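Everything below concerns the one structure shown next.
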Amino acid sequence: MVIISLFVRRKQFLFYESIIDALRRIAKGDFNVSIQIPGNFDEGPMNNLISGINEMAADLNKLESMRQDFISDVSHEIQSPLTSISGFARVLKEKGLSAEEREHYLDIIEHESVRLSRLSENMLRLASLDSEQHPFDPVPMRLDKQLQTLILACEPQWIDKDLEMIVELKQTTIEADPDLLSQVWVNLLHNAIKFTPLKGTISVLLEADEREVLVRIEDTGIGISAEEQEHIFERFYKVDKSRTSSSGGSGLGLSIIHKIVQMHQGSVSVTSNLGEGTVMNVRLPRAASLVSL
Ligand SMILES: Nc1ncnc2c1ncn2[C@@H]1O[C@H](COP(=O)(O)OP(=O)(O)OP(=O)(O)O)[C@@H](O)[C@H]1O
Ligand SMILES: [Mg+2]
């Protein structure tokens with residue numbers, strides 16, 4: 001009898017030791033922890049506690065792997081322009097380069113520097129939006145006027161590519177944060193222009209009923225496959241991952257759009273056919289201030 005009780009106590013002791021060990025590992029940042037509940041152990045509250053610890057460790061593990069992916073994406077995005085900048089700066093030191101060659105290398109350096117600065121700007125914007133400290137000031141605003149102004153501001157880019165711009169904007173007032181919303185339209189318009197070859201067409205449509213508005217930005221560009229569509233709103237996701245891609249983005253534009261639309265309690269969706277074009281639909285409630293963040 002004494003031997004059995006000693007045996008049970010020893011098993012209990014080992015079990016509690018394993019819990020303490022797991023908690024120590026979690027505290028040190030090792031989240032690969034799963035506490036095994038002994039077969040004959042049926043203490044309800046203790047079982048719940050152990051399941052709780054195991055779930056917490058699994059969640060922390062997921063967060064940690066997201067953090068590591070994020071760091072590796074950021075390093076990759078920073079590394080690639082820096083490699084070009086330092087490489088071409090070295091080439092520029094060589095003697096005997098023609099004026100055109102010099103100009104060409106300087107253009108690349110300038111282009112890559114702009115790309116780096118846009119990357120840091122977008123990362124700061126996302127971090128600020130994520131922090132939930134970002135100001136969100138919905139006011140009544142004329143959405144049609146905002147879209148019109150931004151389309152005109154992009155004119156040099158679409159004229160440059162000889163794109164046809166079709167615009168159909170219903171006069172609409174909504175309650176929204178104008179600064180945040182303008183980033184949504186600018187990012188969508190820039191994508192439509194960037195991913196549409198010369199002489200293509202972009203159309204911007206604004207419709208509204210008493211509850212919500214729909215902004216549709218459609219292009220006749222390269223399109224996105226069904227498989228890729230599932231990922232394009234993820235941070236740093238780009239369909240064309242080649243470092244030398246002329247599009248030169250960092251894959252953050254749509255994540256920013258997604259976040260801002262979410263803050264307005266709206267939704268953004270994509271429909272697209274590879275090689276035919278892309279449609280981006282943004283739906284927003286007429287009064288964002290009425291819905292809590
Ligand atoms: N209108 C579009 N047509 C075709 N592909 C698109 C379109 N919009 C987005 N994509 C695809 O989705 C990816 C993610 O878009 P996103 O705007 O987030 O990043 P980006 O434009 O590459 O870079 P950034 O916006 O940060 O400068 C793009 O790299 C592109 O592959
Ligand atoms: Mg973009």
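The way I read the labels, and the way they are meant: chains A, B, ... in the order of the structure tokens, residue 1 as the first residue of every chain, and ligand 1 as the first ligand shown, with later ones counted on from there.
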
task: Within 6 Å of ligand 2, which residues show up when you count only C-alpha atoms and all ligand atoms? List them as a list in words, please.
output: Asn187, Asn191 and Gly253 of chain A

message: Set the distance at 8 Å and use only C-alpha atoms: which residues neighbour Ile19 (chain A) once local chain neighbours fewer than 3 positions away are removed? I'd like the list as a list in words.
response: Phe15, Tyr16, Ala22, Leu23, Ile35 and Ile50 of chain A

message: Show me which residues line ligand 1, defined as having an atom within 9 Å of a ligand atom where only C-alpha atoms and all ligand atoms count, and present them as JSON, numbers by chain.
response: {"A": [115, 118, 119, 122, 187, 188, 189, 190, 191, 192, 193, 194, 195, 196, 217, 218, 219, 220, 221, 222, 223, 224, 225, 228, 229, 231, 232, 233, 234, 235, 236, 237, 238, 239, 240, 241, 247, 248, 249, 250, 251, 252, 253, 254, 255, 256, 257, 270, 272, 274, 275, 277, 278, 279, 280]}

- prompt: Just how far from CA of Leu181 (chain A) is CA of Phe136 (chain A), in Å to one decimal?
  reply: 10.5 Å

- request: Could you tell me which of A:Leu129, A:Ala226, A:Val215, A:Ile151 comes closest to Pro285 (chain A) if we count only C-alpha atoms?
  value: A:Val215
